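Chemist: Here you go, final.cif (mmCIF, C-alpha atoms):
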```
data_final
#
loop_
_atom_site.label_atom_id
_atom_site.label_comp_id
_atom_site.auth_asym_id
_atom_site.auth_seq_id
_atom_site.Cartn_x
_atom_site.Cartn_y
_atom_site.Cartn_z
CA MET A 1 32.99 6.10 -15.92
CA PRO A 2 30.99 3.44 -14.00
CA VAL A 3 31.13 -0.18 -15.08
CA LEU A 4 27.86 -1.41 -16.62
CA TRP A 5 26.55 -4.95 -16.60
CA THR A 6 24.33 -6.23 -19.40
CA ILE A 7 21.43 -8.52 -18.50
CA CYS A 8 18.95 -9.58 -21.15
CA GLY A 9 20.12 -6.77 -23.36
CA VAL A 10 19.58 -4.08 -20.70
CA LYS A 11 22.53 -2.20 -19.20
CA LEU A 12 22.51 -2.05 -15.42
CA SER A 13 24.80 -0.37 -12.93
CA PRO A 14 26.32 -2.63 -10.24
CA SER A 15 23.97 -1.09 -7.64
CA ALA A 16 21.05 -2.56 -9.58
CA LEU A 17 22.25 -6.04 -8.66
CA THR A 18 22.15 -5.34 -4.91
CA PRO A 19 18.88 -6.12 -3.08
CA GLY A 20 17.10 -3.03 -1.82
CA THR A 21 18.66 -0.57 -4.28
CA PRO A 22 16.90 1.00 -7.27
CA THR A 23 17.50 -0.47 -10.70
CA MET A 24 19.22 2.09 -12.91
CA ILE A 25 18.45 1.45 -16.58
CA THR A 26 20.32 3.52 -19.15
CA THR A 27 17.33 3.64 -21.51
CA ALA A 28 14.00 4.51 -19.90
CA LEU A 29 10.94 2.44 -20.72
CA THR A 30 7.38 3.72 -21.13
CA TRP A 31 4.66 2.19 -18.96
CA ASP A 32 0.86 2.14 -19.26
CA ILE A 33 -0.63 1.31 -15.84
CA PHE A 34 -4.38 0.68 -15.67
CA CYS A 35 -6.36 1.05 -12.43
CA ARG A 36 -10.03 0.94 -11.50
CA VAL A 37 -11.23 2.42 -8.21
CA ILE A 38 -13.68 -0.07 -6.71
CA ASP A 39 -15.06 1.07 -3.33
CA ASN A 40 -12.01 2.53 -1.61
CA HIS A 41 -8.86 4.33 -2.68
CA GLY A 42 -6.39 1.53 -1.93
CA ASP A 43 -6.03 0.39 -5.55
CA LEU A 44 -5.34 3.95 -6.65
CA GLY A 45 -2.95 4.46 -3.74
CA VAL A 46 -0.85 1.45 -4.74
CA CYS A 47 -0.88 2.38 -8.43
CA TRP A 48 0.12 5.96 -7.73
CA ARG A 49 3.00 4.88 -5.47
CA LEU A 50 4.16 2.44 -8.15
CA SER A 51 3.91 5.10 -10.86
CA ALA A 52 5.81 7.68 -8.81
CA ASP A 53 8.45 5.14 -7.78
CA LEU A 54 9.05 4.08 -11.38
CA ALA A 55 9.33 7.72 -12.39
CA GLN A 56 12.00 8.26 -9.71
CA ARG A 57 13.97 5.51 -11.44
CA GLY A 58 13.88 7.23 -14.83
CA GLN A 59 10.81 5.51 -16.23
CA SER A 60 7.94 7.28 -18.03
CA VAL A 61 4.44 6.34 -16.84
CA ARG A 62 0.87 6.91 -18.02
CA LEU A 63 -1.57 6.06 -15.25
CA TRP A 64 -5.02 5.29 -16.65
CA VAL A 65 -7.70 5.49 -13.95
CA ASP A 66 -11.50 5.65 -13.98
CA ASP A 67 -11.70 7.99 -10.97
CA ALA A 68 -8.63 10.06 -10.18
CA SER A 69 -10.42 12.52 -7.87
CA ALA A 70 -8.68 11.20 -4.72
CA LEU A 71 -5.30 12.19 -6.15
CA ALA A 72 -6.24 15.81 -5.37
CA TRP A 73 -5.44 15.10 -1.70
CA MET A 74 -3.50 11.84 -1.95
CA ALA A 75 -0.86 13.19 -4.33
CA PRO A 76 -1.41 16.97 -4.70
CA GLN A 77 1.97 17.58 -6.32
CA ASN A 78 2.49 16.86 -9.99
CA TYR A 79 5.20 14.26 -10.48
CA THR A 80 7.69 14.48 -13.32
CA GLY A 81 7.46 11.32 -15.38
CA VAL A 82 3.85 10.46 -14.43
CA GLU A 83 0.92 11.44 -16.63
CA VAL A 84 -2.56 10.73 -15.23
CA ARG A 85 -5.04 9.84 -17.97
CA THR A 86 -8.76 9.11 -17.84
CA TRP A 87 -9.67 5.46 -18.44
CA PRO A 88 -10.22 5.45 -22.23
CA ASN A 89 -13.79 5.22 -23.51
CA ASP A 90 -14.73 3.99 -26.97
CA ALA A 91 -14.36 7.42 -28.57
CA ALA A 92 -10.89 7.90 -27.11
CA LEU A 93 -9.81 4.44 -28.21
CA GLN A 94 -11.03 5.08 -31.75
CA ALA A 95 -9.04 8.31 -31.79
CA PHE A 96 -5.92 6.50 -30.61
CA ALA A 97 -6.38 3.89 -33.33
CA GLN A 98 -6.49 6.62 -35.99
CA ASP A 99 -3.55 8.53 -34.56
CA PRO A 100 -0.24 7.23 -35.92
CA ALA A 101 1.59 9.15 -33.19
CA PHE A 102 -0.10 7.22 -30.39
CA ALA A 103 2.04 4.36 -29.16
CA VAL A 104 1.34 1.82 -26.45
CA GLY A 105 4.04 1.70 -23.79
CA ASN A 106 6.84 -0.83 -23.64
CA VAL A 107 5.06 -2.25 -20.58
CA VAL A 108 1.33 -2.54 -19.86
CA VAL A 109 0.29 -3.18 -16.26
CA GLU A 110 -3.21 -4.45 -15.54
CA ALA A 111 -3.63 -3.75 -11.82
CA PHE A 112 -5.71 -5.95 -9.53
CA GLY A 113 -7.78 -7.76 -12.11
CA CYS A 114 -9.03 -4.72 -14.02
CA GLU A 115 -9.63 -5.79 -17.60
CA LEU A 116 -8.10 -3.83 -20.46
CA PRO A 117 -10.55 -2.59 -23.09
CA GLU A 118 -10.42 -4.85 -26.14
CA ALA A 119 -9.77 -1.86 -28.34
CA PHE A 120 -6.64 -1.09 -26.31
CA GLN A 121 -5.57 -4.73 -26.60
CA ALA A 122 -5.84 -4.32 -30.37
CA LEU A 123 -3.51 -1.33 -30.16
CA MET A 124 -1.03 -3.45 -28.21
CA VAL A 125 -0.53 -5.85 -31.10
CA ARG A 126 -0.35 -3.40 -34.01
CA GLY A 127 3.38 -2.85 -33.41
CA THR A 128 5.97 -4.30 -31.05
CA VAL A 129 4.01 -6.21 -28.42
CA PRO A 130 4.61 -4.78 -24.93
CA VAL A 131 5.36 -6.81 -21.82
CA TRP A 132 1.91 -7.37 -20.30
CA ILE A 133 1.86 -7.59 -16.50
CA ASN A 134 -1.06 -8.68 -14.33
CA LEU A 135 -0.24 -7.01 -10.99
CA GLU A 136 -2.00 -8.93 -8.22
CA TYR A 137 -3.04 -8.10 -4.66
CA LEU A 138 -0.62 -8.52 -1.77
CA SER A 139 -0.94 -11.72 0.26
CA ALA A 140 1.23 -13.93 2.45
CA GLU A 141 -0.54 -17.13 1.35
CA ALA A 142 1.53 -20.00 -0.05
CA TYR A 143 0.11 -19.76 -3.57
CA VAL A 144 1.76 -16.36 -4.05
CA ALA A 145 5.31 -17.72 -4.33
CA ARG A 146 4.10 -20.62 -6.52
CA SER A 147 2.24 -18.30 -8.90
CA HIS A 148 4.61 -15.34 -9.06
CA GLY A 149 6.07 -14.87 -12.53
CA LEU A 150 3.91 -17.47 -14.25
CA ALA A 151 2.81 -16.98 -17.84
CA SER A 152 -0.86 -16.72 -18.79
CA PRO A 153 -1.33 -17.25 -22.55
CA VAL A 154 -4.07 -15.04 -23.99
CA MET A 155 -6.43 -17.42 -25.81
CA SER A 156 -9.07 -15.06 -27.19
CA GLY A 157 -9.76 -11.47 -28.18
CA PRO A 158 -7.66 -9.10 -30.28
CA ALA A 159 -4.51 -9.89 -28.26
CA ARG A 160 -4.84 -13.64 -28.82
CA GLY A 161 -1.48 -15.36 -29.01
CA THR A 162 0.27 -12.94 -26.65
CA THR A 163 1.27 -13.63 -23.04
CA LYS A 164 0.27 -11.99 -19.81
CA TRP A 165 2.59 -12.42 -16.82
CA PHE A 166 1.39 -12.79 -13.22
CA TYR A 167 3.24 -10.53 -10.82
CA PHE A 168 2.61 -11.05 -7.11
CA PRO A 169 3.87 -8.68 -4.41
CA GLY A 170 4.91 -10.49 -1.26
CA PHE A 171 6.88 -10.64 1.96
CA THR A 172 9.53 -13.20 0.96
CA PRO A 173 12.44 -13.20 -1.54
CA ASP A 174 10.63 -15.64 -3.84
CA THR A 175 7.81 -13.13 -4.51
CA GLY A 176 7.67 -9.74 -6.21
CA GLY A 177 8.53 -7.78 -3.08
CA LEU A 178 7.01 -4.66 -1.52
CA LEU A 179 6.86 -1.09 -2.79
CA ARG A 180 9.70 0.90 -1.25
CA GLU A 181 11.14 4.11 -2.67
CA PRO A 182 14.94 4.37 -2.97
CA HIS A 183 15.29 7.15 -0.42
CA LEU A 184 12.59 6.15 2.07
CA GLN A 185 15.02 5.29 4.87
CA ASN A 186 16.81 8.61 4.49
CA ARG A 187 13.50 10.46 4.61
CA GLN A 188 12.51 8.69 7.79
CA ALA A 189 15.88 9.30 9.43
CA ALA A 190 15.53 13.05 8.75
CA PHE A 191 11.92 13.23 10.04
CA ASP A 192 11.37 15.82 12.79
CA ARG A 193 8.56 14.27 14.84
CA ALA A 194 8.11 17.16 17.29
CA ALA A 195 7.95 19.79 14.56
CA TRP A 196 5.51 17.76 12.47
CA LEU A 197 3.16 17.16 15.40
CA LYS A 198 3.28 20.82 16.39
CA ALA A 199 2.25 21.85 12.87
CA LEU A 200 -0.84 19.59 12.80
CA PRO A 201 -4.15 21.53 12.76
CA LEU A 202 -5.56 19.87 15.89
CA ASP A 203 -8.36 20.98 18.22
CA LYS A 204 -6.01 20.71 21.21
CA PRO A 205 -2.20 20.61 21.48
CA ILE A 206 -0.71 17.19 22.13
CA GLY A 207 0.44 16.65 25.70
CA ALA A 208 4.01 15.70 26.49
CA HIS A 209 3.04 12.32 27.93
CA GLU A 210 0.16 11.36 25.66
CA GLN A 211 0.31 8.03 23.86
CA LEU A 212 -0.30 8.64 20.15
CA ILE A 213 -2.47 6.24 18.15
CA SER A 214 -3.46 6.72 14.52
CA LEU A 215 -6.71 5.30 13.16
CA PHE A 216 -7.22 4.31 9.52
CA CYS A 217 -9.88 1.59 9.34
CA TYR A 218 -13.16 0.41 7.85
CA GLU A 219 -15.96 -0.13 10.39
CA PRO A 220 -14.59 -2.59 12.97
CA VAL A 221 -17.19 -4.03 15.32
CA ALA A 222 -14.69 -3.71 18.19
CA LEU A 223 -14.18 0.05 17.75
CA PRO A 224 -16.60 1.13 20.55
CA GLU A 225 -14.93 -1.33 22.92
CA VAL A 226 -11.48 -0.01 22.02
CA LEU A 227 -12.57 3.61 22.57
CA GLN A 228 -14.13 2.70 25.91
CA GLY A 229 -10.99 0.87 27.00
CA LEU A 230 -8.70 3.76 26.05
CA SER A 231 -10.88 6.23 27.94
CA GLN A 232 -10.45 4.16 31.11
CA ALA A 233 -6.75 3.28 30.71
CA ASP A 234 -3.98 4.42 33.03
CA GLN A 235 -2.19 6.37 30.31
CA SER A 236 -3.58 9.34 28.43
CA THR A 237 -4.09 8.68 24.72
CA ARG A 238 -4.50 10.95 21.74
CA LEU A 239 -6.38 9.20 18.93
CA LEU A 240 -5.58 10.79 15.57
CA VAL A 241 -8.44 9.93 13.22
CA THR A 242 -8.07 10.07 9.45
CA GLN A 243 -10.86 11.35 7.24
CA GLY A 244 -13.46 9.28 5.37
CA ARG A 245 -14.67 5.95 6.70
CA PRO A 246 -12.54 6.11 9.88
CA SER A 247 -14.01 9.47 10.86
CA ALA A 248 -17.54 8.21 10.20
CA ALA A 249 -16.87 5.01 12.16
CA VAL A 250 -15.65 6.99 15.17
CA ALA A 251 -18.71 9.26 15.01
CA ALA A 252 -20.99 6.21 15.07
CA ALA A 253 -19.03 4.56 17.89
CA THR A 254 -19.00 7.62 20.15
CA GLN A 255 -22.72 8.07 19.58
CA ALA A 256 -23.36 4.43 20.53
CA LEU A 257 -21.29 4.92 23.70
CA ASN A 258 -22.93 8.27 24.48
CA MET A 259 -19.37 9.61 24.51
CA PRO A 260 -18.47 13.17 23.46
CA THR A 261 -17.07 13.26 19.93
CA HIS A 262 -13.74 14.51 21.29
CA GLY A 263 -13.52 11.60 23.76
CA THR A 264 -13.67 11.40 27.52
CA GLY A 265 -11.58 10.34 30.48
CA ARG A 266 -8.04 9.42 29.43
CA LEU A 267 -8.91 9.50 25.73
CA HIS A 268 -8.91 12.58 23.53
CA ILE A 269 -10.01 12.19 19.90
CA SER A 270 -8.67 14.57 17.27
CA GLN A 271 -9.78 14.62 13.65
CA LEU A 272 -7.10 14.98 11.00
CA PRO A 273 -7.51 16.63 7.59
CA TYR A 274 -7.12 14.53 4.45
CA LEU A 275 -3.46 13.55 4.26
CA SER A 276 -1.26 13.13 1.22
CA GLN A 277 0.67 9.87 0.94
CA THR A 278 3.79 11.66 2.20
CA GLU A 279 1.94 13.09 5.19
CA PHE A 280 0.39 9.70 5.93
CA ASP A 281 3.91 8.29 6.18
CA HIS A 282 4.70 11.04 8.68
CA LEU A 283 1.64 10.13 10.71
CA LEU A 284 2.76 6.51 10.97
CA TRP A 285 6.28 7.53 11.92
CA ALA A 286 5.00 9.89 14.63
CA CYS A 287 2.63 7.49 16.44
CA ASP A 288 3.25 4.83 19.07
CA LEU A 289 0.63 2.49 17.59
CA ASN A 290 -1.01 2.56 14.15
CA PHE A 291 -4.32 1.09 13.07
CA VAL A 292 -4.12 0.61 9.30
CA ARG A 293 -6.26 -1.01 6.62
CA GLY A 294 -6.01 -2.55 3.16
CA GLU A 295 -2.76 -3.02 1.26
CA ASP A 296 -1.05 0.33 0.78
CA SER A 297 -1.18 1.45 4.42
CA LEU A 298 -0.12 -2.02 5.63
CA VAL A 299 3.11 -1.76 3.65
CA ARG A 300 3.70 1.78 4.89
CA ALA A 301 3.14 0.60 8.48
CA LEU A 302 5.77 -2.10 7.99
CA TRP A 303 8.28 0.47 6.71
CA ALA A 304 7.43 2.78 9.63
CA GLY A 305 8.81 0.19 12.04
CA LYS A 306 6.09 0.95 14.60
CA PRO A 307 3.55 -1.45 16.19
CA PHE A 308 0.37 -1.68 14.12
CA VAL A 309 -2.97 -3.44 13.90
CA TRP A 310 -4.11 -4.31 10.38
CA HIS A 311 -7.78 -4.16 9.36
CA ILE A 312 -7.76 -6.53 6.41
CA TYR A 313 -10.32 -5.93 3.67
CA PRO A 314 -13.38 -8.00 4.72
CA GLN A 315 -14.78 -10.54 2.25
CA ASP A 316 -18.23 -12.09 2.39
CA ASP A 317 -16.89 -15.67 2.25
CA LEU A 318 -14.48 -14.91 5.14
CA ALA A 319 -11.49 -15.65 2.90
CA HIS A 320 -9.76 -12.74 4.61
CA HIS A 321 -9.47 -14.83 7.78
CA ASP A 322 -7.18 -17.29 5.97
CA LYS A 323 -5.19 -14.37 4.56
CA LEU A 324 -4.81 -12.94 8.05
CA GLN A 325 -3.58 -16.27 9.43
CA ALA A 326 -1.03 -16.55 6.62
CA PHE A 327 0.14 -13.04 7.45
CA TYR A 328 0.65 -14.01 11.12
CA GLN A 329 2.76 -16.98 10.13
CA ALA A 330 4.82 -15.26 7.44
CA LEU A 331 5.89 -12.41 9.71
CA GLN A 332 5.88 -14.33 13.02
CA ILE A 333 3.57 -11.85 14.72
CA PRO A 334 3.57 -11.99 18.55
CA GLN A 335 0.64 -13.89 20.06
CA THR A 336 -0.70 -10.90 21.98
CA LEU A 337 -0.72 -8.82 18.80
CA GLN A 338 -2.50 -11.64 16.96
CA GLN A 339 -5.21 -11.54 19.61
CA VAL A 340 -5.80 -7.84 19.05
CA HIS A 341 -5.89 -8.44 15.28
CA ASN A 342 -8.43 -11.22 15.68
CA VAL A 343 -10.83 -9.08 17.68
CA TRP A 344 -10.33 -6.03 15.46
CA ASN A 345 -11.08 -8.11 12.35
CA GLY A 346 -14.11 -9.92 13.79
CA ARG A 347 -12.22 -13.21 13.83
CA SER A 348 -12.74 -13.58 17.57
CA GLU A 349 -15.59 -12.55 19.86
CA ALA A 350 -13.31 -12.31 22.88
CA GLU A 351 -13.14 -9.06 24.76
CA ARG A 352 -10.58 -6.57 23.55
CA PRO A 353 -7.19 -7.45 25.05
CA ALA A 354 -6.08 -4.53 27.18
CA TRP A 355 -2.54 -4.16 25.91
CA THR A 356 0.03 -3.04 28.45
CA PRO A 357 3.25 -1.03 28.12
CA SER A 358 5.14 -4.34 28.18
CA ASP A 359 2.99 -5.61 25.29
CA LEU A 360 3.79 -2.47 23.32
CA ALA A 361 7.49 -2.98 24.02
CA VAL A 362 7.29 -6.53 22.62
CA TRP A 363 5.37 -5.29 19.59
CA GLN A 364 7.90 -2.51 19.02
CA ALA A 365 10.80 -4.96 19.10
CA TRP A 366 8.97 -7.18 16.60
CA SER A 367 8.19 -4.19 14.34
CA THR A 368 11.82 -3.11 14.30
CA ARG A 369 13.07 -6.63 13.49
CA THR A 370 10.48 -7.07 10.75
CA GLN A 371 11.26 -3.70 9.19
CA GLN A 372 14.96 -4.52 9.11
CA LEU A 373 14.38 -8.00 7.67
CA LEU A 374 12.13 -6.75 4.87
CA GLN A 375 14.59 -3.98 4.01
CA THR A 376 17.18 -6.61 3.15
CA GLN A 377 14.92 -7.89 0.37
CA SER A 378 14.73 -6.36 -3.08
CA ASP A 379 11.81 -3.95 -3.46
CA LEU A 380 8.92 -4.33 -5.89
CA SER A 381 9.95 -1.74 -8.48
CA THR A 382 13.53 -3.02 -8.65
CA GLN A 383 12.29 -6.55 -9.20
CA LEU A 384 9.57 -5.49 -11.63
CA ILE A 385 11.99 -3.57 -13.84
CA GLY A 386 14.32 -6.58 -13.85
CA PHE A 387 11.42 -8.92 -14.63
CA VAL A 388 10.37 -6.78 -17.59
CA ALA A 389 13.96 -6.71 -18.86
CA GLN A 390 13.94 -10.52 -18.95
CA LYS A 391 10.69 -10.67 -20.92
CA ARG A 392 11.43 -8.05 -23.59
#
```
Kindly return the structure encoded in the file as structure tokens.
Modeler:
Amino acid sequence: MPVLWTICGVKLSPSALTPGTPTMITTALTWDIFCRVIDNHGDLGVCWRLSADLAQRGQSVRLWVDDASALAWMAPQNYTGVEVRTWPNDAALQAFAQDPAFAVGNVVVEAFGCELPEAFQALMVRGTVPVWINLEYLSAEAYVARSHGLASPVMSGPARGTTKWFYFPGFTPDTGGLLREPHLQNRQAAFDRAAWLKALPLDKPIGAHEQLISLFCYEPVALPEVLQGLSQADQSTRLLVTQGRPSAAVAAATQALNMPTHGTGRLHISQLPYLSQTEFDHLLWACDLNFVRGEDSLVRALWAGKPFVWHIYPQDDLAHHDKLQAFYQALQIPQTLQQVHNVWNGRSEAERPAWTPSDLAVWQAWSTRTQQLLQTQSDLSTQLIGFVAQKR
């Protein structure tokens, strides 16, 4: 029988104390995770990955979301341990209040600044008060490590007198870590790239010597310039375009260039169907260079260990430029890759740097080192479960 350690009243296996391994808790907790979809699906993507990851570790999760429609393609399989619920309206909350069988979870997670309905807060304090987590956005800025794990006393409303805890994901050991499933490395090691590419429903088979680039972006000003440059490059490129805003952005860019929608010259553009989160991982693993956006796909690009260009979510006050600079510094991104990032994110008006095979080799070496470094750190779910155990 395995030896168990007891920390803060919770029994853990020895593997739970090793960075990068899942926390195994003998008694599962129940979690209520709240998510609002703002203008993209990134918030939902992160919350679903967190919910599914917790469920893999024996936890029971209710994911409350105001628009779960994207899960039809993002996560088409039902996941044991995760129950998707509609964000509760007043009528639902009144019904919960009158139902003695309804119980708030042991943990309540308020994702990305969404505010819990006051009626739900009232339910939180009618019995044993749950651990209340404010899950923040991912950033490499210095305030993240300073603020991670801080208490925020609730001063008003029906939950007055309770405490909310700030939880910040991050890239360093003094933050809350990054989402990483227990068996992700094994999945990637078993991935059959050739078979996966062959099975893609593309308009034209991929050539043996084509460079593969994936595109998941907003509407970068530099996109027409990038397409033009790839069409005139020495090496043939297959651009694999994801659905939604990336597909629309490519359509607008090719029209502006008077370029056929399938590309021209050394560039061939192929449209992909909507991809589940698992299939999106496969896309990143299969490509030589990945253009990603937002938070969820950035983390998946890091785990892929392939060169990538990140389209950070643009903010009107240009605060995203500071976030991008902090990201460069935290992960020691090569200068040439920074230059591409700057142009792609509208931080520089310089012409698009024409990356060379030697640039890609440098970027690949950096990606591999960074992937390996981050894998030595404890993942977000492991740390979060441990954090909750300390606060209960």
Chemist: What separation in Å, quoted to one decimal, exists between CA of Val221 (chain A) and CA of Asp281 (chain A)?
Modeler: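 Answer for the CA of Val221 (chain A) to CA of Asp281 (chain A) separation: 26.1 Å.
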Chemist: What is the CA of Asn89 (chain A) to CA of Phe120 (chain A) distance in Å?
Modeler: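 Separating CA of Asn89 (chain A) from CA of Phe120 (chain A) is a distance of 9.9 Å.
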Chemist: Can you pull out every residue within 10 Å of Val362 (chain A), counting all atoms listed in the file, but drop anything in the same chain fewer than 6 positions away, and send it as a PyMOL selection string?
Modeler: chain A and resi 307+334+336-337+356
Chemist: So which one's closest to Glu349 (chain A), A:Ala256, A:His268, A:Asp32, A:Ala222? Using only C-alpha atoms, please.
Modeler: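 Between A:Ala256, A:His268, A:Asp32, A:Ala222, the residue approaching Glu349 (chain A) most closely is A:Ala222.
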Chemist: Give me the residues within 9 Å of Ala140 (chain A) as a PyMOL selection string, counting only C-alpha atoms and dropping any in the same chain fewer than 5 places off.
Modeler: chain A and resi 145+170-172+323-331
Chemist: Between CA of Asp288 (chain A) and CA of Pro182 (chain A), measure the distance and give it in Å to one decimal.
Modeler: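 Separation between CA of Asp288 (chain A) and CA of Pro182 (chain A): 25.0 Å.
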Chemist: Set the distance at 12 Å and use all atoms listed in the file: which residues neighbour region 79-84 of chain A once local chain neighbours fewer than 3 positions away are removed? I'd like the list as a PDB file with C-alpha atoms, in the frame of the given file.
Modeler:
```pdb
ATOM      1  CA  ALA A  28      14.000   4.510 -19.900  1.00  0.00           C
ATOM      2  CA  LEU A  29      10.940   2.440 -20.720  1.00  0.00           C
ATOM      3  CA  THR A  30       7.380   3.720 -21.130  1.00  0.00           C
ATOM      4  CA  TRP A  31       4.660   2.190 -18.960  1.00  0.00           C
ATOM      5  CA  ASP A  32       0.860   2.140 -19.260  1.00  0.00           C
ATOM      6  CA  ILE A  33      -0.630   1.310 -15.840  1.00  0.00           C
ATOM      7  CA  PHE A  34      -4.380   0.680 -15.670  1.00  0.00           C
ATOM      8  CA  CYS A  35      -6.360   1.050 -12.430  1.00  0.00           C
ATOM      9  CA  LEU A  44      -5.340   3.950  -6.650  1.00  0.00           C
ATOM     10  CA  CYS A  47      -0.880   2.380  -8.430  1.00  0.00           C
ATOM     11  CA  TRP A  48       0.120   5.960  -7.730  1.00  0.00           C
ATOM     12  CA  ARG A  49       3.000   4.880  -5.470  1.00  0.00           C
ATOM     13  CA  LEU A  50       4.160   2.440  -8.150  1.00  0.00           C
ATOM     14  CA  SER A  51       3.910   5.100 -10.860  1.00  0.00           C
ATOM     15  CA  ALA A  52       5.810   7.680  -8.810  1.00  0.00           C
ATOM     16  CA  ASP A  53       8.450   5.140  -7.780  1.00  0.00           C
ATOM     17  CA  LEU A  54       9.050   4.080 -11.380  1.00  0.00           C
ATOM     18  CA  ALA A  55       9.330   7.720 -12.390  1.00  0.00           C
ATOM     19  CA  GLN A  56      12.000   8.260  -9.710  1.00  0.00           C
ATOM     20  CA  ARG A  57      13.970   5.510 -11.440  1.00  0.00           C
ATOM     21  CA  GLY A  58      13.880   7.230 -14.830  1.00  0.00           C
ATOM     22  CA  GLN A  59      10.810   5.510 -16.230  1.00  0.00           C
ATOM     23  CA  SER A  60       7.940   7.280 -18.030  1.00  0.00           C
ATOM     24  CA  VAL A  61       4.440   6.340 -16.840  1.00  0.00           C
ATOM     25  CA  ARG A  62       0.870   6.910 -18.020  1.00  0.00           C
ATOM     26  CA  LEU A  63      -1.570   6.060 -15.250  1.00  0.00           C
ATOM     27  CA  TRP A  64      -5.020   5.290 -16.650  1.00  0.00           C
ATOM     28  CA  VAL A  65      -7.700   5.490 -13.950  1.00  0.00           C
ATOM     29  CA  ASP A  66     -11.500   5.650 -13.980  1.00  0.00           C
ATOM     30  CA  ASP A  67     -11.700   7.990 -10.970  1.00  0.00           C
ATOM     31  CA  ALA A  68      -8.630  10.060 -10.180  1.00  0.00           C
ATOM     32  CA  SER A  69     -10.420  12.520  -7.870  1.00  0.00           C
ATOM     33  CA  LEU A  71      -5.300  12.190  -6.150  1.00  0.00           C
ATOM     34  CA  ALA A  72      -6.240  15.810  -5.370  1.00  0.00           C
ATOM     35  CA  ALA A  75      -0.860  13.190  -4.330  1.00  0.00           C
ATOM     36  CA  PRO A  76      -1.410  16.970  -4.700  1.00  0.00           C
ATOM     37  CA  TRP A  87      -9.670   5.460 -18.440  1.00  0.00           C
ATOM     38  CA  PRO A  88     -10.220   5.450 -22.230  1.00  0.00           C
TER      39      PRO A  88
END
```
Chemist: Restricting the calculation to only C-alpha atoms: of A:Ala91, A:Ile213, A:Ala97, A:Leu360, which residue gets closest to Leu289 (chain A)?
Modeler: A:Ile213
Chemist: Would you please work out which residue, of A:Gly45, A:Gly386, A:Pro357, A:Gly305, is nearest to Val131 (chain A) when using all atoms listed in the file?
Modeler: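 For Val131 (chain A), the nearest of the candidates is A:Gly386.
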Chemist: Give me the residues of region 128-206 of chain A that have any atom at most 10 Å from an atom of region 230-254 of chain A; for each, the nearest atom pair and the distance in Å, rounded to one decimal. Use all atoms listed in the file, sort by chain and number, and format it as CSV.
Modeler:
```
residue,atom,partner,partner_atom,distance
A:Leu202,CA,A:Leu240,CA,9.1
A:Lys204,CA,A:Arg238,CA,9.9
A:Pro205,CA,A:Arg238,CA,9.9
A:Ile206,CA,A:Arg238,CA,7.3
```
Chemist: Any chance you could export the current selection's C-alpha atoms as a short mmCIF file (atom, residue, chain, number, x, y, z; two decimals), in the coordinates of the input?
Modeler:
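File result24.cif, as written:
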```
data_model
loop_
_atom_site.label_atom_id
_atom_site.label_comp_id
_atom_site.auth_asym_id
_atom_site.auth_seq_id
_atom_site.Cartn_x
_atom_site.Cartn_y
_atom_site.Cartn_z
CA LEU A 202 -5.56 19.87 15.89
CA LYS A 204 -6.01 20.71 21.21
CA PRO A 205 -2.20 20.61 21.48
CA ILE A 206 -0.71 17.19 22.13
#
```
Chemist: Considering all atoms listed in the file, state which residue in the set A:Ile133, A:Ala389, A:Leu284, A:Ile38 is at the smallest distance from Thr163 (chain A).
Modeler: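 Looking at the shortest contact to Thr163 (chain A), the residue is A:Ile133.
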Chemist: Skipping near chain neighbours, those fewer than 5 positions away, what residues fall within 9 Å of Asp296 (chain A) using all atoms listed in the file, listed as a list of chain:residue names?
Modeler: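 In the requested form, the answer reads A:Gly42, A:Asp43, A:Gly45, A:Val46, A:Arg49, A:Leu179, A:Ala301.
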Chemist: Write out as a ChimeraX atom specification each polymer residue whose atoms come within 7 Å of region 116-119 of chain A, counting all atoms listed in the file; drop sequence neighbours fewer than 4 positions from it.
Modeler: /A:93,110,123,157-158
